[in-house]
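Input: a single structure, listed below in structure tokens.
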Amino acid sequence: MSKNKNLILALDVTDRTRAVAISKDVADYVDAIKIGYPLVLGAGLGIINTISEFAPVIADFKVADIPNTAKLICDLAFRAGAGAVIVHGFTGHDSLLECVRVGREYRGDILVVTEMSHPGALDFMAPEALKLARLAVESGACGVVAPATRPERVREIRRIVGDLTIISPGVGAQGGSAAEAIRAGADYVIVGRSIYNARNPRIEAEKIVREIEMCR
């Protein structure tokens with residue numbers, strides 16, 4: 001991904017026609033579009049290739065399985081046209097290394113979840129977030145996912161991962177601030193509902209980009 005707008009759209013809709021329309025509408029204001037199970041289950045795996053016509057696609061499959069199953073999932077995602085796949089690190093080094101290996105085979109990125117953006121992440125993920133960040137570095141991953149809803153955590157994770165890419169979800173509907181996340185060390189913020197549920201998604205995306213520009 002090129003760091004141009006510092007914005008990633010989380011396209012968590014389920015209808016193919018709507019997904020394509022929104023992607024086309026906001027293409028000038030996002031560096032990538034993140035899609036997950038809701039859209040893939042609703043529209044089929046081929047939607048990855050379709051959306052990639054507008055922006056690079058991050059397959060947010062949060063892969064969490066044994067090495068062979070993780071390999072199969074990553075392989076399918078990259079073959080479908082994804083430029084990056086999001087995986088969990090808590091399954092351990094062997095599963096993560098297999099994801100990284102497949103990513104390199106396709107010249108794609110593997111992004112490791114350190115801590116999710118919702119309140120429940122504090123129950124089990126937060127205590128291990130820094131350890132997962134270190135594992136991402138040791139495994140050769142391209143980047144990590146860190147919560148914009150807790151910018152102090154982004155700062156801690158940045159100190160650990162160095163120049164790896166940090167993408168931060170939770171801006172908008174979950175209460176996170178794009179500007180605060182970027183100032184804390186995120187390379188990209190991830191915004192979903194605030195954009196795709198807006199009356200005019202393009203205008204909302206532009207508004208967030210302008211906010212980011214003001215904090216540079």
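As shown in the structure tokens, the chain order sets the letters A, B, ...; within each chain, residues go from 1, and ligands are also counted from 1 in the order they appear.
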Which stretch 140-211 of chain A residues have any atom within 12 Å of an atom of stretch 29-37 of chain A, and for each, what is the nearest pair of atoms with distance in Å to one decimal, counting only C-alpha atoms, rows sorted by chain and number, as JSON lines?
{"residue": "A:Ile167", "atom": "CA", "partner": "A:Lys34", "partner_atom": "CA", "distance": 10.8}
{"residue": "A:Ser168", "atom": "CA", "partner": "A:Lys34", "partner_atom": "CA", "distance": 11.8}
{"residue": "A:Pro169", "atom": "CA", "partner": "A:Lys34", "partner_atom": "CA", "distance": 10.5}
{"residue": "A:Asp187", "atom": "CA", "partner": "A:Asp31", "partner_atom": "CA", "distance": 10.8}
{"residue": "A:Tyr188", "atom": "CA", "partner": "A:Asp31", "partner_atom": "CA", "distance": 8.5}
{"residue": "A:Val189", "atom": "CA", "partner": "A:Val30", "partner_atom": "CA", "distance": 10.0}
{"residue": "A:Ile190", "atom": "CA", "partner": "A:Lys34", "partner_atom": "CA", "distance": 8.2}
{"residue": "A:Val191", "atom": "CA", "partner": "A:Lys34", "partner_atom": "CA", "distance": 9.4}
{"residue": "A:Gly192", "atom": "CA", "partner": "A:Lys34", "partner_atom": "CA", "distance": 9.0}
{"residue": "A:Ile195", "atom": "CA", "partner": "A:Val30", "partner_atom": "CA", "distance": 11.0}
{"residue": "A:Tyr196", "atom": "CA", "partner": "A:Ile33", "partner_atom": "CA", "distance": 11.5}
{"residue": "A:Pro201", "atom": "CA", "partner": "A:Tyr29", "partner_atom": "CA", "distance": 10.2}
{"residue": "A:Arg202", "atom": "CA", "partner": "A:Tyr29", "partner_atom": "CA", "distance": 7.6}
{"residue": "A:Ile203", "atom": "CA", "partner": "A:Tyr29", "partner_atom": "CA", "distance": 9.3}
{"residue": "A:Glu204", "atom": "CA", "partner": "A:Tyr29", "partner_atom": "CA", "distance": 9.6}
{"residue": "A:Ala205", "atom": "CA", "partner": "A:Tyr29", "partner_atom": "CA", "distance": 6.1}
{"residue": "A:Glu206", "atom": "CA", "partner": "A:Tyr29", "partner_atom": "CA", "distance": 6.0}
{"residue": "A:Lys207", "atom": "CA", "partner": "A:Tyr29", "partner_atom": "CA", "distance": 9.4}
{"residue": "A:Ile208", "atom": "CA", "partner": "A:Tyr29", "partner_atom": "CA", "distance": 8.9}
{"residue": "A:Val209", "atom": "CA", "partner": "A:Tyr29", "partner_atom": "CA", "distance": 6.9}
{"residue": "A:Arg210", "atom": "CA", "partner": "A:Tyr29", "partner_atom": "CA", "distance": 9.9}
Could you give me, as CSV, a per-residue list for stretch 23-81 of chain A showing, wherever an atom lies at most 10 Å from an atom of stretch 93-114 of chain A, the closest pair of atoms and their distance in Å to one decimal, using only C-alpha atoms and sorting by chain then residue number from low to high?
residue,atom,partner,partner_atom,distance
A:Ile58,CA,A:Asp109,CA,8.8
A:Ala59,CA,A:Ile110,CA,9.8
A:Asp60,CA,A:Leu111,CA,9.2
A:Lys62,CA,A:Val113,CA,7.6
A:Val63,CA,A:Cys99,CA,8.7
A:Ala64,CA,A:Ser95,CA,8.0
A:Asp65,CA,A:Ser95,CA,6.9
A:Ile66,CA,A:Ser95,CA,5.7
A:Pro67,CA,A:Ser95,CA,4.1
A:Asn68,CA,A:Ser95,CA,7.8
A:Thr69,CA,A:Ser95,CA,8.7
A:Ala70,CA,A:Cys99,CA,6.4
A:Lys71,CA,A:Cys99,CA,5.8
A:Leu72,CA,A:Val102,CA,9.0
A:Ile73,CA,A:Cys99,CA,8.9
A:Cys74,CA,A:Cys99,CA,6.4
A:Asp75,CA,A:Val102,CA,6.4
A:Ala77,CA,A:Gly103,CA,9.9
A:Phe78,CA,A:Tyr106,CA,6.6
A:Arg79,CA,A:Tyr106,CA,8.0
A:Gly81,CA,A:Gly108,CA,9.6
Please save N, CA, C and O atoms of the selected residues as a PDB file, in the first residue's frame.
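Output contents, as saved in part_11.pdb:
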ATOM      1  N   ILE A  58      -7.486  -5.496   1.274  1.00  0.00           N
ATOM      2  CA  ILE A  58      -7.001  -6.222   2.447  1.00  0.00           C
ATOM      3  C   ILE A  58      -8.081  -7.225   2.827  1.00  0.00           C
ATOM      4  O   ILE A  58      -9.220  -6.843   3.114  1.00  0.00           O
ATOM      5  N   ALA A  59      -7.736  -8.502   2.803  1.00  0.00           N
ATOM      6  CA  ALA A  59      -8.684  -9.552   3.186  1.00  0.00           C
ATOM      7  C   ALA A  59      -8.630  -9.722   4.701  1.00  0.00           C
ATOM      8  O   ALA A  59      -7.679 -10.290   5.251  1.00  0.00           O
ATOM      9  N   ASP A  60      -9.637  -9.203   5.365  1.00  0.00           N
ATOM     10  CA  ASP A  60      -9.676  -9.249   6.829  1.00  0.00           C
ATOM     11  C   ASP A  60     -10.336 -10.552   7.267  1.00  0.00           C
ATOM     12  O   ASP A  60     -11.484 -10.569   7.713  1.00  0.00           O
ATOM     13  N   LYS A  62      -8.845 -12.526   9.561  1.00  0.00           N
ATOM     14  CA  LYS A  62      -8.379 -12.806  10.925  1.00  0.00           C
ATOM     15  C   LYS A  62      -8.074 -14.298  11.078  1.00  0.00           C
ATOM     16  O   LYS A  62      -8.602 -14.980  11.959  1.00  0.00           O
ATOM     17  N   VAL A  63      -7.190 -14.761  10.218  1.00  0.00           N
ATOM     18  CA  VAL A  63      -6.855 -16.181  10.150  1.00  0.00           C
ATOM     19  C   VAL A  63      -6.325 -16.662  11.499  1.00  0.00           C
ATOM     20  O   VAL A  63      -5.377 -16.090  12.046  1.00  0.00           O
ATOM     21  N   ALA A  64      -6.930 -17.715  12.028  1.00  0.00           N
ATOM     22  CA  ALA A  64      -6.539 -18.246  13.338  1.00  0.00           C
ATOM     23  C   ALA A  64      -6.743 -19.755  13.336  1.00  0.00           C
ATOM     24  O   ALA A  64      -7.785 -20.253  13.749  1.00  0.00           O
ATOM     25  N   ASP A  65      -5.738 -20.474  12.847  1.00  0.00           N
ATOM     26  CA  ASP A  65      -5.886 -21.920  12.729  1.00  0.00           C
ATOM     27  C   ASP A  65      -4.513 -22.582  12.696  1.00  0.00           C
ATOM     28  O   ASP A  65      -3.488 -21.903  12.772  1.00  0.00           O
ATOM     29  N   ILE A  66      -4.511 -23.900  12.553  1.00  0.00           N
ATOM     30  CA  ILE A  66      -3.248 -24.623  12.455  1.00  0.00           C
ATOM     31  C   ILE A  66      -2.542 -24.216  11.160  1.00  0.00           C
ATOM     32  O   ILE A  66      -3.176 -23.679  10.243  1.00  0.00           O
ATOM     33  N   PRO A  67      -1.227 -24.452  11.066  1.00  0.00           N
ATOM     34  CA  PRO A  67      -0.477 -23.957   9.909  1.00  0.00           C
ATOM     35  C   PRO A  67      -1.053 -24.355   8.559  1.00  0.00           C
ATOM     36  O   PRO A  67      -1.140 -23.508   7.653  1.00  0.00           O
ATOM     37  N   ASN A  68      -1.467 -25.595   8.383  1.00  0.00           N
ATOM     38  CA  ASN A  68      -1.944 -26.018   7.070  1.00  0.00           C
ATOM     39  C   ASN A  68      -3.237 -25.308   6.687  1.00  0.00           C
ATOM     40  O   ASN A  68      -3.396 -24.852   5.551  1.00  0.00           O
ATOM     41  N   THR A  69      -4.166 -25.194   7.628  1.00  0.00           N
ATOM     42  CA  THR A  69      -5.418 -24.497   7.337  1.00  0.00           C
ATOM     43  C   THR A  69      -5.172 -23.010   7.100  1.00  0.00           C
ATOM     44  O   THR A  69      -5.760 -22.410   6.194  1.00  0.00           O
ATOM     45  N   ALA A  70      -4.280 -22.413   7.884  1.00  0.00           N
ATOM     46  CA  ALA A  70      -3.930 -21.011   7.679  1.00  0.00           C
ATOM     47  C   ALA A  70      -3.345 -20.805   6.288  1.00  0.00           C
ATOM     48  O   ALA A  70      -3.657 -19.821   5.603  1.00  0.00           O
ATOM     49  N   LYS A  71      -2.509 -21.721   5.865  1.00  0.00           N
ATOM     50  CA  LYS A  71      -1.908 -21.658   4.533  1.00  0.00           C
ATOM     51  C   LYS A  71      -2.986 -21.678   3.456  1.00  0.00           C
ATOM     52  O   LYS A  71      -2.946 -20.882   2.504  1.00  0.00           O
ATOM     53  N   LEU A  72      -3.949 -22.569   3.593  1.00  0.00           N
ATOM     54  CA  LEU A  72      -5.005 -22.694   2.586  1.00  0.00           C
ATOM     55  C   LEU A  72      -5.828 -21.413   2.485  1.00  0.00           C
ATOM     56  O   LEU A  72      -6.169 -20.966   1.384  1.00  0.00           O
ATOM     57  N   ILE A  73      -6.154 -20.822   3.631  1.00  0.00           N
ATOM     58  CA  ILE A  73      -6.952 -19.593   3.630  1.00  0.00           C
ATOM     59  C   ILE A  73      -6.181 -18.443   2.978  1.00  0.00           C
ATOM     60  O   ILE A  73      -6.704 -17.732   2.118  1.00  0.00           O
ATOM     61  N   CYS A  74      -4.922 -18.275   3.369  1.00  0.00           N
ATOM     62  CA  CYS A  74      -4.114 -17.191   2.803  1.00  0.00           C
ATOM     63  C   CYS A  74      -3.913 -17.393   1.308  1.00  0.00           C
ATOM     64  O   CYS A  74      -3.982 -16.430   0.527  1.00  0.00           O
ATOM     65  N   ASP A  75      -3.683 -18.626   0.904  1.00  0.00           N
ATOM     66  CA  ASP A  75      -3.479 -18.918  -0.515  1.00  0.00           C
ATOM     67  C   ASP A  75      -4.708 -18.525  -1.332  1.00  0.00           C
ATOM     68  O   ASP A  75      -4.595 -17.891  -2.387  1.00  0.00           O
ATOM     69  N   ALA A  77      -7.035 -16.349  -0.538  1.00  0.00           N
ATOM     70  CA  ALA A  77      -7.220 -14.895  -0.507  1.00  0.00           C
ATOM     71  C   ALA A  77      -6.287 -14.199  -1.495  1.00  0.00           C
ATOM     72  O   ALA A  77      -6.713 -13.321  -2.261  1.00  0.00           O
ATOM     73  N   PHE A  78      -5.020 -14.589  -1.501  1.00  0.00           N
ATOM     74  CA  PHE A  78      -4.070 -13.952  -2.414  1.00  0.00           C
ATOM     75  C   PHE A  78      -4.379 -14.308  -3.872  1.00  0.00           C
ATOM     76  O   PHE A  78      -4.288 -13.465  -4.765  1.00  0.00           O
ATOM     77  N   ARG A  79      -4.767 -15.546  -4.108  1.00  0.00           N
ATOM     78  CA  ARG A  79      -5.111 -15.940  -5.483  1.00  0.00           C
ATOM     79  C   ARG A  79      -6.337 -15.194  -5.989  1.00  0.00           C
ATOM     80  O   ARG A  79      -6.485 -14.949  -7.186  1.00  0.00           O
ATOM     81  N   GLY A  81      -6.917 -12.180  -5.418  1.00  0.00           N
ATOM     82  CA  GLY A  81      -6.553 -10.804  -5.735  1.00  0.00           C
ATOM     83  C   GLY A  81      -6.263  -9.896  -4.560  1.00  0.00           C
ATOM     84  O   GLY A  81      -6.035  -8.700  -4.736  1.00  0.00           O
TER      85      GLY A  81
END
Open item on the list: My list of candidates is A:Phe124, A:Phe54, A:Phe61, A:Phe90. Which is closest to A:Asp25 when distances are computed with only C-alpha atoms?
Closed with: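 For A:Asp25, the nearest of the candidates is A:Phe54.
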- [ ] Pick out the residues sitting within 9 Å of stretch 45-48 of chain A, and hand them over as an MDAnalysis selection string; count only C-alpha atoms, and ignore anything fewer than 3 positions along from it in its own chain.
- [x] chainID A and resid 16 19:20 35 39:41 51:52 57:59 76:77 80:82
Secondary structure check, helix (DSSP H, G or I) residues of stretch 96-201 of chain A, as a compact mmCIF listing (two decimals) with C-alpha atoms, in the first residue's frame:
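Wrote it out as result_2.txt, contents follow:
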# COMPACT_ATOMS: atom_id res chain seq x y z
CA LEU A 96 2.09 -17.16 11.64
CA LEU A 97 5.28 -18.18 9.86
CA GLU A 98 3.23 -20.21 7.39
CA CYS A 99 1.05 -17.18 6.63
CA VAL A 100 4.14 -15.04 6.11
CA ARG A 101 5.61 -17.67 3.79
CA VAL A 102 2.48 -17.72 1.63
CA GLY A 103 2.39 -13.92 1.60
CA ARG A 104 5.94 -13.77 0.27
CA GLU A 105 5.08 -16.33 -2.39
CA ALA A 121 -10.47 -6.92 23.60
CA LEU A 122 -9.43 -5.75 27.04
CA ASP A 123 -10.53 -9.09 28.53
CA PHE A 124 -7.89 -11.29 26.92
CA ALA A 126 -4.77 -6.44 25.67
CA PRO A 127 -2.52 -8.24 28.19
CA GLU A 128 -0.82 -10.05 25.29
CA ALA A 129 -0.79 -7.24 22.73
CA LEU A 130 2.86 -6.31 23.12
CA LYS A 131 3.93 -9.95 22.99
CA LEU A 132 1.95 -10.37 19.77
CA ALA A 133 3.61 -7.26 18.35
CA ARG A 134 7.03 -8.79 19.06
CA LEU A 135 5.94 -12.04 17.44
CA ALA A 136 4.91 -10.15 14.32
CA VAL A 137 8.38 -8.62 14.08
CA GLU A 138 10.15 -11.93 14.71
CA SER A 139 8.01 -13.70 12.11
CA PRO A 151 -4.03 5.46 20.99
CA GLU A 152 -1.74 4.90 23.98
CA ARG A 153 -1.53 1.27 22.87
CA VAL A 154 -0.62 2.36 19.35
CA ARG A 155 2.32 4.29 20.83
CA GLU A 156 3.53 1.26 22.77
CA ILE A 157 3.22 -1.00 19.76
CA ARG A 158 5.03 1.47 17.52
CA ARG A 159 8.03 1.33 19.84
CA ILE A 160 8.13 -2.43 19.44
CA VAL A 161 7.46 -2.85 15.71
CA ALA A 178 -8.26 9.54 13.09
CA ALA A 179 -5.96 12.39 14.07
CA GLU A 180 -5.08 10.89 17.46
CA ALA A 181 -4.31 7.49 15.95
CA ILE A 182 -2.01 9.00 13.33
CA ARG A 183 -0.25 11.16 15.93
CA ALA A 184 0.20 8.05 18.09
CA ARG A 193 -19.71 2.52 9.25
CA SER A 194 -19.06 6.27 9.36
CA ILE A 195 -18.28 6.11 5.64
CA TYR A 196 -20.42 3.35 4.15
CA PRO A 201 -19.68 8.16 1.47
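Shortest separation to A:His118 among A:Pro38, A:Gly185, A:Gly170, A:Gly83 occurs at residue A:Gly170, atoms counted being only C-alpha atoms.
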- [ ] Go through A:Ala55, A:Cys215, A:Val144, A:Ala21 one by one, measure the shortest atom-to-atom distance of each to A:Leu9 using only C-alpha atoms, and give the residue with the smallest value.
- [x]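 Counting only C-alpha atoms, the residue closest to A:Leu9 is A:Ala55.
Omitting A:Thr149 and its sequence neighbours fewer than 2 positions away, and counting only C-alpha atoms, the residues within 6 Å are Ser117, Pro147, Gly170 and Gly176 of chain A.
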Task: Those in stretch 63-201 of chain A with strand (DSSP E) from DSSP, as a PyMOL selection string - done: chain A and resi 63+84-88+109-113+143-145+165-171+188-191
Using C-alpha atoms, can you write the selected residues to a file as a PDB file, in the first residue's frame?
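Resulting contents of out.pdb:
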ATOM      1  CA  VAL A  63      -6.855 -16.181  10.150  1.00  0.00           C
ATOM      2  CA  ALA A  84      -2.807  -8.260   2.118  1.00  0.00           C
ATOM      3  CA  VAL A  85      -4.351 -10.684   4.600  1.00  0.00           C
ATOM      4  CA  ILE A  86      -5.035  -9.992   8.266  1.00  0.00           C
ATOM      5  CA  VAL A  87      -4.189 -12.875  10.598  1.00  0.00           C
ATOM      6  CA  HIS A  88      -4.193 -13.530  14.330  1.00  0.00           C
ATOM      7  CA  ASP A 109       1.441  -8.484   2.957  1.00  0.00           C
ATOM      8  CA  ILE A 110       0.584 -10.261   6.194  1.00  0.00           C
ATOM      9  CA  LEU A 111      -0.814  -8.004   8.929  1.00  0.00           C
ATOM     10  CA  VAL A 112      -0.995  -9.372  12.480  1.00  0.00           C
ATOM     11  CA  VAL A 113      -3.707  -8.423  14.969  1.00  0.00           C
ATOM     12  CA  GLY A 143       2.627  -4.934   9.715  1.00  0.00           C
ATOM     13  CA  VAL A 144       0.207  -5.088  12.618  1.00  0.00           C
ATOM     14  CA  VAL A 145      -3.295  -4.050  13.582  1.00  0.00           C
ATOM     15  CA  THR A 165       3.098  -0.756   9.032  1.00  0.00           C
ATOM     16  CA  ILE A 166       0.429  -0.088  11.655  1.00  0.00           C
ATOM     17  CA  ILE A 167      -3.210  -0.008  10.613  1.00  0.00           C
ATOM     18  CA  SER A 168      -5.706   1.171  13.237  1.00  0.00           C
ATOM     19  CA  PRO A 169      -9.413   0.300  13.298  1.00  0.00           C
ATOM     20  CA  GLY A 170     -12.098   1.850  15.452  1.00  0.00           C
ATOM     21  CA  VAL A 171     -12.303   5.379  14.048  1.00  0.00           C
ATOM     22  CA  TYR A 188      -3.378   4.193   8.320  1.00  0.00           C
ATOM     23  CA  VAL A 189      -6.704   4.486  10.098  1.00  0.00           C
ATOM     24  CA  ILE A 190      -9.543   2.132   9.270  1.00  0.00           C
ATOM     25  CA  VAL A 191     -13.049   3.568   9.030  1.00  0.00           C
TER      26      VAL A 191
END
TODO: Grab the atom CA of A:Met214 to atom CA of A:Leu11 distance for me, in Å with one decimal place.
DONE: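 Computing the Euclidean distance for atom CA of A:Met214 and atom CA of A:Leu11 yields 24.9 Å.
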TODO: Record the distance separating atom CA of A:Gly42 and atom CA of A:Arg199, expressed in Å with one decimal.
DONE: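 Separating atom CA of A:Gly42 from atom CA of A:Arg199 is a distance of 22.4 Å.
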